[in-house]
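Visitor: Next up, upload34.txt (compact mmCIF, C-alpha atoms).
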# COMPACT_ATOMS: atom_id res chain seq x y z
CA MET A 32 38.18 -3.22 215.77
CA SER A 33 41.93 -3.05 215.30
CA ALA A 34 44.26 -3.03 218.26
CA THR A 35 45.21 0.56 217.48
CA ASN A 36 41.63 1.79 217.42
CA ALA A 37 40.88 -0.08 220.62
CA VAL A 38 43.80 1.71 222.27
CA LEU A 39 42.63 5.10 221.09
CA ASP A 40 39.09 4.31 222.23
CA ARG A 41 40.20 3.53 225.77
CA LEU A 42 42.37 6.61 225.95
CA THR A 43 39.76 8.97 224.56
CA ALA A 44 37.28 7.65 227.13
CA VAL A 45 39.40 9.05 229.98
CA ARG A 46 37.92 12.21 231.46
CA GLY A 47 39.28 15.35 229.86
CA VAL A 48 40.98 13.74 226.87
CA ARG A 49 40.05 15.75 223.78
CA GLY A 50 41.79 13.53 221.34
CA SER A 51 44.37 10.85 220.91
CA LEU A 52 46.55 9.94 218.00
CA LEU A 53 49.30 7.59 217.07
CA VAL A 54 52.07 9.34 215.20
CA SER A 55 55.28 8.52 213.46
CA CYS A 56 57.69 10.75 215.34
CA GLN A 57 60.26 11.10 212.61
CA ASP A 58 57.89 12.22 209.89
CA GLY A 59 54.95 13.56 211.85
CA ILE A 60 52.59 11.22 209.97
CA VAL A 61 49.33 10.40 211.73
CA VAL A 62 48.96 6.63 211.83
CA ALA A 63 45.59 6.68 213.59
CA GLU A 64 43.51 9.30 215.32
CA GLN A 65 40.43 9.94 217.39
CA VAL A 66 40.05 13.62 217.97
CA MET A 67 37.20 15.92 218.80
CA ASP A 68 36.14 18.77 216.58
CA GLY A 69 38.49 21.69 216.88
CA VAL A 70 41.59 19.56 217.34
CA ASP A 71 43.89 19.71 214.33
CA ALA A 72 45.38 16.23 214.37
CA ARG A 73 48.01 16.87 211.72
CA THR A 74 49.30 20.02 213.36
CA ALA A 75 49.35 18.30 216.74
CA ALA A 76 51.24 15.40 215.22
CA ALA A 77 53.83 17.63 213.62
CA LEU A 78 54.43 19.87 216.63
CA ALA A 79 54.27 17.31 219.38
CA GLY A 80 56.16 14.74 217.35
CA SER A 81 58.97 17.22 216.80
CA LEU A 82 59.18 18.14 220.47
CA VAL A 83 59.11 14.52 221.60
CA SER A 84 61.76 13.59 219.05
CA ARG A 85 64.02 16.27 220.45
CA LEU A 86 63.50 15.09 224.01
CA VAL A 87 64.09 11.45 223.06
CA ARG A 88 67.29 12.29 221.19
CA THR A 89 68.69 14.42 223.95
CA ALA A 90 67.99 11.85 226.64
CA GLU A 91 69.68 9.15 224.56
CA GLN A 92 72.69 11.35 223.81
CA ALA A 93 73.15 11.86 227.53
CA GLY A 94 73.30 8.13 228.09
CA ARG A 95 69.80 7.95 229.50
CA GLN A 96 67.29 5.36 228.47
CA PRO A 97 64.72 6.79 226.07
CA PRO A 98 61.82 8.58 227.75
CA THR A 99 58.68 6.56 228.31
CA PHE A 100 56.35 9.46 229.04
CA VAL A 101 56.29 13.20 228.40
CA HIS A 102 53.84 15.76 229.78
CA LEU A 103 53.87 19.24 228.30
CA LYS A 104 51.64 21.27 230.58
CA GLY A 105 50.12 24.52 229.42
CA ALA A 106 47.89 27.03 231.11
CA ALA A 107 44.88 25.81 229.10
CA GLY A 108 45.62 22.13 228.63
CA SER A 109 48.36 19.62 228.08
CA ILE A 110 49.89 17.25 225.61
CA LEU A 111 50.77 13.81 226.85
CA ALA A 112 53.12 11.62 224.89
CA ALA A 113 54.20 8.01 225.26
CA PRO A 114 57.05 7.19 222.86
CA GLY A 115 57.26 3.60 221.75
CA ARG A 116 59.17 1.45 219.34
CA ASP A 117 59.81 2.17 215.69
CA ASP A 118 59.54 5.91 216.20
CA LEU A 119 55.85 5.69 217.06
CA VAL A 120 54.47 7.93 219.75
CA LEU A 121 51.01 7.94 221.28
CA LEU A 122 49.73 11.46 221.89
CA ALA A 123 46.82 12.73 223.92
CA ILE A 124 45.56 16.31 224.00
CA VAL A 125 43.87 16.95 227.30
CA GLU A 126 41.87 19.60 229.12
CA PRO A 127 43.28 21.29 232.23
CA ASP A 128 41.06 19.16 234.48
CA ALA A 129 41.83 15.86 232.79
CA ASN A 130 42.67 12.78 234.80
CA VAL A 131 46.31 12.81 233.71
CA GLY A 132 47.24 9.97 236.03
CA LEU A 133 44.73 7.62 234.43
CA ALA A 134 45.55 8.81 230.92
CA ARG A 135 49.22 8.16 231.62
CA LEU A 136 48.54 4.61 232.78
CA GLU A 137 46.37 3.94 229.73
CA MET A 138 49.07 5.28 227.45
CA LEU A 139 51.89 3.28 229.01
CA ASP A 140 49.77 0.15 228.88
CA ALA A 141 48.78 0.86 225.30
CA MET A 142 52.35 1.27 224.08
CA ALA A 143 53.34 -1.92 225.82
CA ARG A 144 50.54 -3.78 224.04
CA LEU A 145 51.27 -2.20 220.67
CA ALA A 146 54.98 -3.06 220.87
CA MET B 270 73.64 14.03 194.95
CA THR B 271 75.01 14.21 198.49
CA ASP B 272 74.26 11.55 201.08
CA ASP B 273 71.92 13.65 203.16
CA ILE B 274 69.87 14.72 200.16
CA ARG B 275 69.78 11.14 198.98
CA ALA B 276 68.56 9.93 202.36
CA LEU B 277 65.92 12.62 202.63
CA THR B 278 64.75 11.99 199.09
CA ALA B 279 64.42 8.28 199.82
CA ARG B 280 62.47 9.04 202.97
CA LEU B 281 60.10 11.29 201.10
CA ALA B 282 59.70 8.73 198.33
CA ASP B 283 58.79 6.07 200.89
CA GLU B 284 56.36 8.35 202.68
CA PRO B 285 55.18 11.13 200.39
CA ASN B 286 52.98 12.54 203.15
CA SER B 287 55.79 12.88 205.67
CA LEU B 288 57.31 16.12 206.87
CA ALA B 289 60.67 15.16 205.41
CA PHE B 290 59.95 17.66 202.64
CA LEU B 291 60.74 20.48 205.09
CA GLU B 292 64.29 19.32 205.74
CA LEU B 293 64.82 18.24 202.14
CA GLY B 294 63.56 21.52 200.72
CA GLU B 295 65.72 23.55 203.07
CA THR B 296 68.81 21.45 202.35
CA LEU B 297 68.29 21.81 198.60
CA ARG B 298 67.77 25.54 199.00
CA ARG B 299 70.99 25.95 200.94
CA ARG B 300 72.83 23.99 198.27
CA GLY B 301 71.48 26.33 195.62
CA GLN B 302 69.32 23.68 193.93
CA LEU B 303 66.40 26.04 193.82
CA ASP B 304 64.32 24.44 191.07
CA THR B 305 64.25 21.11 192.85
CA ALA B 306 63.75 22.79 196.22
CA LEU B 307 60.77 24.67 194.85
CA LYS B 308 59.20 21.50 193.52
CA VAL B 309 59.63 19.79 196.88
CA ALA B 310 58.27 22.77 198.79
CA ARG B 311 55.22 23.18 196.55
CA GLY B 312 54.43 19.50 196.91
CA GLY B 313 54.73 19.73 200.68
CA ALA B 314 52.65 22.89 200.93
CA SER B 315 49.89 21.31 198.87
CA ARG B 316 49.79 18.29 201.19
CA TYR B 317 50.04 20.43 204.33
CA PRO B 318 48.22 23.66 203.47
CA GLY B 319 47.63 24.29 207.17
CA LEU B 320 51.30 24.08 208.16
CA ALA B 321 52.91 27.51 208.46
CA ASP B 322 56.40 26.03 208.19
CA ALA B 323 55.57 24.71 204.72
CA HIS B 324 54.68 28.19 203.49
CA ASP B 325 57.75 29.63 205.18
CA LEU B 326 59.96 27.16 203.31
CA LEU B 327 58.26 28.04 200.05
CA ALA B 328 58.79 31.73 200.73
CA ARG B 329 62.49 31.30 201.41
CA ILE B 330 63.00 29.46 198.15
CA LEU B 331 61.00 32.02 196.18
CA CYS B 332 63.03 34.77 197.81
CA ASP B 333 66.26 33.09 196.75
CA ARG B 334 64.87 32.85 193.22
CA ASP B 335 64.23 36.60 193.46
CA ASP B 336 60.48 36.12 193.03
CA LEU B 337 59.78 38.57 195.79
CA PRO B 338 56.04 39.11 195.22
CA SER B 339 55.42 35.36 195.45
CA ALA B 340 57.69 35.13 198.49
CA PHE B 341 55.62 37.84 200.13
CA GLU B 342 52.41 35.94 199.45
CA ALA B 343 53.86 32.75 200.86
CA TRP B 344 55.01 34.44 204.05
CA ALA B 345 51.65 36.15 204.31
CA ASP B 346 50.03 32.69 204.08
CA ALA B 347 52.31 31.51 206.87
CA LEU B 348 51.24 34.43 209.04
CA ARG B 349 47.58 33.79 208.37
CA LEU B 350 48.12 30.33 209.82
CA ASP B 351 50.45 31.45 212.59
CA PRO B 352 50.43 35.21 213.23
CA LEU B 353 53.45 34.84 215.48
CA HIS B 354 55.60 32.78 213.15
CA PRO B 355 59.01 34.37 213.76
CA ALA B 356 60.62 33.36 210.47
CA ALA B 357 57.68 34.66 208.44
CA LEU B 358 57.71 37.96 210.33
CA LYS B 359 61.44 38.30 209.70
CA GLY B 360 60.99 37.35 206.07
CA ILE B 361 58.42 40.03 205.43
CA ALA B 362 60.58 42.52 207.31
CA PHE B 363 63.39 41.62 204.96
CA LEU B 364 61.20 42.22 201.92
CA TYR B 365 60.11 45.60 203.20
CA PHE B 366 63.72 46.48 203.91
CA ARG B 367 64.67 45.45 200.39
CA SER B 368 61.96 47.70 199.03
CA GLY B 369 63.17 50.61 201.13
CA ASP B 370 60.31 50.72 203.61
CA ALA B 371 62.23 50.87 206.89
CA VAL B 372 59.14 51.71 208.93
CA ALA B 373 57.32 48.56 207.88
CA ALA B 374 60.49 46.50 208.23
CA ARG B 375 60.93 47.74 211.77
CA ASP B 376 57.30 47.03 212.59
CA TYR B 377 57.56 43.40 211.48
CA LEU B 378 60.87 42.92 213.25
CA GLU B 379 59.38 44.23 216.47
CA ARG B 380 56.55 41.75 216.12
CA ALA B 381 59.11 39.01 215.48
CA LEU B 382 60.93 40.05 218.63
CA GLU B 383 57.73 39.78 220.66
CA ALA B 384 57.14 36.33 219.21
CA ASP B 385 60.70 35.17 219.79
CA PRO B 386 62.47 37.34 222.36
CA ASP B 387 65.39 34.92 222.47
CA ASP B 388 66.41 35.48 218.86
CA ALA B 389 69.51 37.62 219.12
CA THR B 390 69.53 38.41 215.40
CA ILE B 391 66.39 40.52 215.65
CA PRO B 392 67.77 43.25 217.93
CA ALA B 393 70.82 43.35 215.71
CA ALA B 394 68.65 43.79 212.64
CA LEU B 395 66.65 46.53 214.34
CA ALA B 396 69.84 48.32 215.27
CA ARG B 397 71.02 48.15 211.68
CA ILE B 398 67.76 49.60 210.44
CA ALA B 399 68.00 52.38 212.98
CA GLY B 400 71.58 53.06 211.93
CA ALA B 401 70.80 52.94 208.23
CA SER B 402 67.43 54.69 208.24
CA PRO B 403 68.66 58.17 207.33
CA ALA B 404 69.98 56.58 204.11
CA ILE B 405 66.83 54.65 203.32
CA VAL B 406 63.99 56.29 201.49
CA SER B 407 60.70 55.17 202.91
CA SER B 408 58.89 54.43 199.67
CA ASN B 409 60.33 52.71 196.64
CA ALA B 410 64.08 52.89 196.29
CA VAL B 411 66.86 51.52 198.44
CA SER B 412 69.65 53.99 198.94
CA PRO B 413 73.09 52.81 197.90
CA ASN B 414 74.21 53.90 201.38
CA ALA B 415 71.84 51.52 203.06
CA VAL B 416 73.15 48.66 205.15
CA SER B 417 73.56 45.48 203.21
CA SER B 418 70.35 43.52 203.05
CA ASN B 419 72.32 40.55 204.34
CA ALA B 420 71.85 42.11 207.75
CA LEU B 421 68.20 41.13 207.50
CA SER B 422 68.55 37.98 205.49
CA PRO B 423 65.86 35.41 206.12
CA ASP B 424 68.77 33.06 206.70
CA ALA B 425 69.68 34.95 209.88
CA VAL B 426 70.45 32.74 212.81
CA THR B 427 67.96 30.54 214.53
CA PRO B 428 68.56 29.14 217.95
CA VAL B 429 71.15 26.63 219.03
CA SER B 430 70.61 22.98 219.58
CA ALA B 431 72.77 20.45 221.34
CA PRO B 432 72.75 17.36 223.50
CA ALA B 433 70.81 16.91 226.64
CA PRO B 434 70.22 16.19 230.30
CA ALA B 435 71.98 13.46 232.15
CA ALA B 436 71.80 11.37 235.25
CA GLY B 437 73.24 13.60 237.91
CA ALA B 438 73.51 17.27 238.65
CA THR B 439 75.08 19.42 241.30
CA GLN B 440 74.07 22.84 242.51
CA PRO B 441 77.13 24.65 243.78
CA ASP B 442 75.19 27.72 244.84
CA GLY B 443 72.82 25.72 246.95
CA ASP B 444 69.70 27.84 246.52
CA GLY B 445 66.65 25.96 245.33
CA ALA B 446 68.54 22.70 244.97
CA ILE B 447 66.64 19.46 244.79
CA ASP B 448 69.23 17.31 246.47
CA GLY B 449 71.63 19.36 244.35
CA LYS B 450 70.18 18.50 240.92
CA THR B 451 69.16 21.61 239.04
CA LEU B 452 70.49 23.55 236.09
CA LEU B 453 69.48 27.13 235.32
CA VAL B 454 69.90 28.32 231.75
CA ASP B 455 69.40 31.66 230.04
CA ALA B 456 67.55 32.38 226.81
CA SER B 457 70.69 31.99 224.72
CA GLY B 458 71.30 28.48 225.96
CA MET B 459 74.07 29.55 228.33
CA ARG B 460 74.38 28.08 231.79
CA LEU B 461 73.65 30.45 234.66
CA ARG B 462 73.88 28.11 237.62
CA GLY B 463 74.24 24.44 238.45
CA THR B 464 76.17 21.55 236.96
CA LEU B 465 75.05 18.35 235.27
CA THR B 466 77.01 15.19 234.73
CA ASP B 467 76.18 12.10 232.76
CA THR B 468 76.28 8.52 234.04
CA ALA B 469 80.02 8.45 233.44
CA ALA B 470 80.48 11.59 235.53
CA HIS B 471 81.34 13.75 232.53
CA ASP B 472 80.25 17.34 232.78
CA VAL B 473 77.53 17.89 230.20
CA SER B 474 76.19 21.15 231.67
CA ASP B 475 76.99 23.43 228.78
CA ALA B 476 75.79 20.98 226.15
CA VAL B 477 72.57 20.48 228.06
CA ALA B 478 72.14 24.21 228.50
CA ALA B 479 72.42 24.77 224.77
CA GLN B 480 69.77 22.15 224.10
CA LEU B 481 67.33 23.54 226.62
CA ALA B 482 66.91 26.80 224.74
CA GLY B 483 65.65 24.88 221.71
CA VAL B 484 63.30 22.70 223.76
CA SER B 485 61.81 25.76 225.39
CA LYS B 486 61.12 27.37 222.04
CA GLU B 487 59.51 24.27 220.62
CA ALA B 488 57.35 23.85 223.69
CA ALA B 489 56.23 27.46 223.53
CA ARG B 490 55.33 27.10 219.88
CA ALA B 491 53.48 23.82 220.32
CA ALA B 492 51.51 25.16 223.27
CA ARG B 493 50.59 28.32 221.40
CA LEU B 494 49.52 26.67 218.16
CA LEU B 495 47.56 23.93 219.90
CA GLU B 496 45.86 26.58 222.02
CA LEU B 497 47.19 25.24 225.29
CA GLY B 498 48.17 28.68 226.55
CA THR B 499 51.60 29.46 227.95
CA TRP B 500 53.67 26.38 228.61
CA GLU B 501 54.27 25.85 232.29
CA SER B 502 56.34 22.70 232.56
CA ILE B 503 57.63 19.71 230.67
CA ALA B 504 57.94 16.49 232.62
CA VAL B 505 60.01 13.69 231.09
CA GLU B 506 60.03 10.19 232.56
CA SER B 507 62.75 7.69 231.79
CA PRO B 508 63.31 4.27 233.36
CA ASP B 509 66.57 5.51 234.91
CA GLY B 510 65.38 8.90 236.10
CA HIS B 511 63.12 11.85 235.46
CA PHE B 512 63.54 15.50 234.74
CA VAL B 513 61.24 18.49 234.76
CA LEU B 514 61.68 21.74 232.86
CA VAL B 515 60.13 24.97 234.10
CA ALA B 516 60.61 28.62 233.21
CA PRO B 517 61.42 30.74 236.28
CA THR B 518 61.30 33.87 234.14
CA GLY B 519 60.46 34.62 230.53
CA ASP B 520 64.09 34.29 229.54
CA THR B 521 65.34 31.38 231.63
CA VAL B 522 64.73 27.64 231.86
CA LEU B 523 65.38 25.46 234.87
CA LEU B 524 65.94 21.71 234.69
CA ALA B 525 65.40 19.62 237.76
CA SER B 526 66.58 16.03 237.67
CA ALA B 527 66.07 13.07 239.99
CA ALA B 528 66.81 9.37 239.72
CA ASP B 529 64.16 7.92 241.98
CA MET B 530 61.47 10.39 242.89
CA PRO B 531 57.79 10.36 241.89
CA MET B 532 57.29 12.71 238.99
CA ALA B 533 54.59 14.81 240.68
CA ARG B 534 56.88 15.42 243.64
CA LEU B 535 59.75 16.35 241.34
CA ALA B 536 57.45 18.83 239.63
CA LEU B 537 56.62 20.47 242.97
CA LEU B 538 60.27 20.70 243.87
CA ALA B 539 61.03 22.14 240.44
CA ASP B 540 58.45 24.87 241.10
CA ARG B 541 60.15 25.64 244.39
CA ALA B 542 63.54 25.72 242.70
CA ALA B 543 62.10 28.10 240.11
CA ARG B 544 60.91 30.47 242.85
CA ASP B 545 64.34 30.36 244.43
CA ALA B 546 65.93 30.96 241.04
CA ARG B 547 63.79 34.06 240.54
CA GLY B 548 65.03 35.46 243.83
CA TRP B 549 68.60 34.67 242.90
CA LEU B 550 68.23 36.33 239.51
CA GLU B 551 66.81 39.46 241.08
CA ARG B 552 69.77 39.69 243.42
CA GLU B 553 72.23 39.09 240.60
CA ARG B 554 70.76 41.64 238.21
Just give me the structure of the file as structure tokens.
Guide:
Amino acid sequence: MSATNAVLDRLTAVRGVRGSLLVSCQDGIVVAEQVMDGVDARTAAALAGSLVSRLVRTAEQAGRQPPTFVHLKGAAGSILAAPGRDDLVLLAIVEPDANVGLARLEMLDAMARLA
Amino acid sequence: MTDDIRALTARLADEPNSLAFLELGETLRRRGQLDTALKVARGGASRYPGLADAHDLLARILCDRDDLPSAFEAWADALRLDPLHPAALKGIAFLYFRSGDAVAARDYLERALEADPDDATIPAALARIAGASPAIVSSNAVSPNAVSSNALSPDAVTPVSAPAPAAGATQPDGDGAIDGKTLLVDASGMRLRGTLTDTAAHDVSDAVAAQLAGVSKEAARAARLLELGTWESIAVESPDGHFVLVAPTGDTVLLASAADMPMARLALLADRAARDARGWLERER
């Protein structure tokens, strides 16, 4: 199993994670994915990648170090994002009752290992 | 070929499945290179048939080529994928206006306004329809007295974008401050309250405020299309500090910033600041 798939496996095993994908932020291309039925990986990649790109750019323009973690919380679920090197970002789409704390740790660890 | 088109073309050549076709197609369209823009857009729409933005781009190009029936179909495709796609709603409104059907144009513009209440061009377009409607026949012809169709051009403004949050903030009004680090912004990207400075103590409040309007829109769209419901907050962690975005009201965004506070705590304090901001807004209005 590749390192990328192993990362997605661990993340998807966290309670409440409906899917995880590794995306090229600049182009919205899905590099790897593990998503449940009903999750449109390509749409998620495009939308979340665009939002994360904007947040990364704005933080950098303000002299801040690039974000390491983003949590967009909605009434019916959340997107978690861990930007990494080379414009890659690890995304997770989670249920409202997901263990976000554990998912976050897995994602930060994963991006450190993939770097 | 200009540098930006060259760069985008190279990017698309390297990664044919990337979303670079959106920016490339739009740039070509704005430069008047419609044949090439159409080819790029069709290629992109065929690779991303489920992406409403791809169909919107195609529609804009077809509209510029004066192929209005095809433009209508493309915008209709966009709306099938995303019934609240503001640009597609405006585009179809424009086509109805062009055909003289002010009632339908108004209906689509009102839907666009519901989808994107921050878009200042929509109320302006509605006002122009209302002002021009006695001169517009409701069926086939457009009266020569009608307002120029440029008033409802699909190219009408989309929201601002600009730089972003910074290390420190001050809250001169005091209410809802998190150790003085909040910024309240209205739907147009204008600062209502608070001040932000970067690490060099430069005031970046207004630039940040302008950026926040765009972030809020993107978050709302992502949450809606991914069926996450209404967006409630965006938490951003950086090694040198965090910030949280919340929406105290439907037309404002509040940024709370802290250098060394656990993110969950910052989120709670941001919620409190949002409640305080609501009270302040009610008093001010």
Visitor: Of the candidates A:Val66, A:Leu53, A:Ala107, A:Ala34, which one gets nearest to chain B if we count all atoms listed in the file?
Guide: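 Nearest candidate to chain B out of A:Val66, A:Leu53, A:Ala107, A:Ala34: A:Ala107.
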Visitor: Within 8 Å of chain B, which residues of chain A are there when counting all atoms listed in the file? Please give them as number ranges by chain.
Guide: A: 58-60, 70-71, 74-75, 77-79, 82, 85-86, 88-90, 92-109
Visitor: Work out how far apart atom CA of Arg73 of chain A and atom CA of Asp388 of chain B are and give it in Å to one decimal.
Guide: 27.1 Å
Visitor: Quick one: pull the distance between atom CA of Arg554 of chain B and atom CA of Ala399 of chain B, Å, one decimal.
Guide: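 That distance, rounded to one decimal, is 27.6 Å.
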Visitor: Could you work out how far atom CA of Phe363 of chain B lies from atom CA of Gln302 of chain B, giving the answer in Å with one decimal?
Guide: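 That distance, rounded to one decimal, is 21.9 Å.
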Visitor: With a distance cut-off of 10 Å and only C-alpha atoms, select the neighbouring residues of Ile330 of chain B, excluding the residue or stretch itself and same-chain residues fewer than 4 positions from it, and output the selection as an mmCIF file with C-alpha atoms, keeping the file's coordinate frame.
Guide:
data_model
loop_
_atom_site.group_PDB
_atom_site.id
_atom_site.type_symbol
_atom_site.label_atom_id
_atom_site.label_comp_id
_atom_site.auth_asym_id
_atom_site.auth_seq_id
_atom_site.Cartn_x
_atom_site.Cartn_y
_atom_site.Cartn_z
ATOM 1 C CA GLY B 294 63.560 21.520 200.720
ATOM 2 C CA GLU B 295 65.720 23.550 203.070
ATOM 3 C CA LEU B 297 68.290 21.810 198.600
ATOM 4 C CA ARG B 298 67.770 25.540 199.000
ATOM 5 C CA ARG B 299 70.990 25.950 200.940
ATOM 6 C CA GLY B 301 71.480 26.330 195.620
ATOM 7 C CA GLN B 302 69.320 23.680 193.930
ATOM 8 C CA LEU B 303 66.400 26.040 193.820
ATOM 9 C CA ASP B 304 64.320 24.440 191.070
ATOM 10 C CA THR B 305 64.250 21.110 192.850
ATOM 11 C CA ALA B 306 63.750 22.790 196.220
ATOM 12 C CA LEU B 307 60.770 24.670 194.850
ATOM 13 C CA LYS B 308 59.200 21.500 193.520
ATOM 14 C CA ALA B 310 58.270 22.770 198.790
ATOM 15 C CA HIS B 324 54.680 28.190 203.490
ATOM 16 C CA ASP B 325 57.750 29.630 205.180
ATOM 17 C CA LEU B 326 59.960 27.160 203.310
ATOM 18 C CA ARG B 334 64.870 32.850 193.220
ATOM 19 C CA ASP B 335 64.230 36.600 193.460
ATOM 20 C CA ASP B 336 60.480 36.120 193.030
ATOM 21 C CA LEU B 337 59.780 38.570 195.790
ATOM 22 C CA SER B 339 55.420 35.360 195.450
ATOM 23 C CA ALA B 340 57.690 35.130 198.490
#
Visitor: Counting all atoms listed in the file, figure out which residue out of B:Thr518, B:Ala527, B:Leu538, B:Arg349 gets nearest to Glu551 of chain B.
Guide: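 Distance minimum relative to Glu551 of chain B lands on B:Thr518.
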Visitor: Go through A:Arg49, A:Ala129, A:Ala123, A:Leu145 one by one, measure the shortest atom-to-atom distance of each to Asp68 of chain A using all atoms listed in the file, and give the residue with the smallest value.
Guide: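 For Asp68 of chain A, the nearest of the candidates is A:Arg49.
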Visitor: Neighbours of Leu52 of chain A within 7 Å (all atoms listed in the file; same-chain residues fewer than 2 positions away dropped), as a list of chain:residue names?
Guide: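 Counting only the stated atoms, we get A:Leu39, A:Gly50, A:Val54, A:Val61, A:Ala63, A:Glu64, A:Gln65, A:Leu121, A:Leu122, A:Ala123.
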Visitor: Can you pull out the residues contacting Val454 of chain B? Cut-off 12 Å, using all atoms listed in the file, and skip same-chain residues under 4 positions away; I want them as number ranges by chain.
Guide: B: 458-465, 474-485, 514-525, 543, 546, 550
Visitor: Could you save those same residues with C-alpha atoms as a PDB file, in the frame of the given file?
Guide:
ATOM      1  CA  GLY B 458      71.300  28.480 225.960  1.00  0.00           C
ATOM      2  CA  MET B 459      74.070  29.550 228.330  1.00  0.00           C
ATOM      3  CA  ARG B 460      74.380  28.080 231.790  1.00  0.00           C
ATOM      4  CA  LEU B 461      73.650  30.450 234.660  1.00  0.00           C
ATOM      5  CA  ARG B 462      73.880  28.110 237.620  1.00  0.00           C
ATOM      6  CA  GLY B 463      74.240  24.440 238.450  1.00  0.00           C
ATOM      7  CA  THR B 464      76.170  21.550 236.960  1.00  0.00           C
ATOM      8  CA  LEU B 465      75.050  18.350 235.270  1.00  0.00           C
ATOM      9  CA  SER B 474      76.190  21.150 231.670  1.00  0.00           C
ATOM     10  CA  ASP B 475      76.990  23.430 228.780  1.00  0.00           C
ATOM     11  CA  ALA B 476      75.790  20.980 226.150  1.00  0.00           C
ATOM     12  CA  VAL B 477      72.570  20.480 228.060  1.00  0.00           C
ATOM     13  CA  ALA B 478      72.140  24.210 228.500  1.00  0.00           C
ATOM     14  CA  ALA B 479      72.420  24.770 224.770  1.00  0.00           C
ATOM     15  CA  GLN B 480      69.770  22.150 224.100  1.00  0.00           C
ATOM     16  CA  LEU B 481      67.330  23.540 226.620  1.00  0.00           C
ATOM     17  CA  ALA B 482      66.910  26.800 224.740  1.00  0.00           C
ATOM     18  CA  GLY B 483      65.650  24.880 221.710  1.00  0.00           C
ATOM     19  CA  VAL B 484      63.300  22.700 223.760  1.00  0.00           C
ATOM     20  CA  SER B 485      61.810  25.760 225.390  1.00  0.00           C
ATOM     21  CA  LEU B 514      61.680  21.740 232.860  1.00  0.00           C
ATOM     22  CA  VAL B 515      60.130  24.970 234.100  1.00  0.00           C
ATOM     23  CA  ALA B 516      60.610  28.620 233.210  1.00  0.00           C
ATOM     24  CA  PRO B 517      61.420  30.740 236.280  1.00  0.00           C
ATOM     25  CA  THR B 518      61.300  33.870 234.140  1.00  0.00           C
ATOM     26  CA  GLY B 519      60.460  34.620 230.530  1.00  0.00           C
ATOM     27  CA  ASP B 520      64.090  34.290 229.540  1.00  0.00           C
ATOM     28  CA  THR B 521      65.340  31.380 231.630  1.00  0.00           C
ATOM     29  CA  VAL B 522      64.730  27.640 231.860  1.00  0.00           C
ATOM     30  CA  LEU B 523      65.380  25.460 234.870  1.00  0.00           C
ATOM     31  CA  LEU B 524      65.940  21.710 234.690  1.00  0.00           C
ATOM     32  CA  ALA B 525      65.400  19.620 237.760  1.00  0.00           C
ATOM     33  CA  ALA B 543      62.100  28.100 240.110  1.00  0.00           C
ATOM     34  CA  ALA B 546      65.930  30.960 241.040  1.00  0.00           C
ATOM     35  CA  LEU B 550      68.230  36.330 239.510  1.00  0.00           C
TER      36      LEU B 550
END
Visitor: Could you list, as JSON, numbers by chain, every residue within 9 Å of Ala146 of chain A, counting only C-alpha atoms and ignoring same-chain residues fewer than 3 positions away?
Guide: {"A": [115, 116, 117, 141, 142, 143]}
Visitor: Would you mind putting back N, CA, C and O atoms on segment 394-401 of chain B, then writing it out as a PDB file, keeping the file's coordinate frame?
Guide:
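Resulting contents of out_21.pdb:
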ATOM      1  N   ALA B 394      69.257  43.284 213.870  1.00  0.00           N
ATOM      2  CA  ALA B 394      68.650  43.790 212.640  1.00  0.00           C
ATOM      3  C   ALA B 394      67.963  45.130 212.882  1.00  0.00           C
ATOM      4  O   ALA B 394      68.054  46.047 212.062  1.00  0.00           O
ATOM      5  N   LEU B 395      67.301  45.258 214.015  1.00  0.00           N
ATOM      6  CA  LEU B 395      66.650  46.530 214.340  1.00  0.00           C
ATOM      7  C   LEU B 395      67.671  47.645 214.484  1.00  0.00           C
ATOM      8  O   LEU B 395      67.444  48.777 214.033  1.00  0.00           O
ATOM      9  N   ALA B 396      68.788  47.304 215.101  1.00  0.00           N
ATOM     10  CA  ALA B 396      69.840  48.320 215.270  1.00  0.00           C
ATOM     11  C   ALA B 396      70.390  48.748 213.921  1.00  0.00           C
ATOM     12  O   ALA B 396      70.672  49.928 213.694  1.00  0.00           O
ATOM     13  N   ARG B 397      70.503  47.796 213.011  1.00  0.00           N
ATOM     14  CA  ARG B 397      71.020  48.150 211.680  1.00  0.00           C
ATOM     15  C   ARG B 397      70.033  49.027 210.920  1.00  0.00           C
ATOM     16  O   ARG B 397      70.427  49.939 210.212  1.00  0.00           O
ATOM     17  N   ILE B 398      68.748  48.743 211.095  1.00  0.00           N
ATOM     18  CA  ILE B 398      67.760  49.600 210.440  1.00  0.00           C
ATOM     19  C   ILE B 398      67.843  51.000 211.018  1.00  0.00           C
ATOM     20  O   ILE B 398      67.831  52.000 210.297  1.00  0.00           O
ATOM     21  N   ALA B 399      67.947  51.069 212.337  1.00  0.00           N
ATOM     22  CA  ALA B 399      68.000  52.380 212.980  1.00  0.00           C
ATOM     23  C   ALA B 399      69.242  53.139 212.526  1.00  0.00           C
ATOM     24  O   ALA B 399      69.195  54.330 212.248  1.00  0.00           O
ATOM     25  N   GLY B 400      70.345  52.415 212.358  1.00  0.00           N
ATOM     26  CA  GLY B 400      71.580  53.060 211.930  1.00  0.00           C
ATOM     27  C   GLY B 400      71.546  53.452 210.482  1.00  0.00           C
ATOM     28  O   GLY B 400      72.137  54.455 210.063  1.00  0.00           O
ATOM     29  N   ALA B 401      70.811  52.688 209.672  1.00  0.00           N
ATOM     30  CA  ALA B 401      70.800  52.940 208.230  1.00  0.00           C
ATOM     31  C   ALA B 401      69.652  53.833 207.819  1.00  0.00           C
ATOM     32  O   ALA B 401      69.619  54.335 206.711  1.00  0.00           O
TER      33      ALA B 401
END
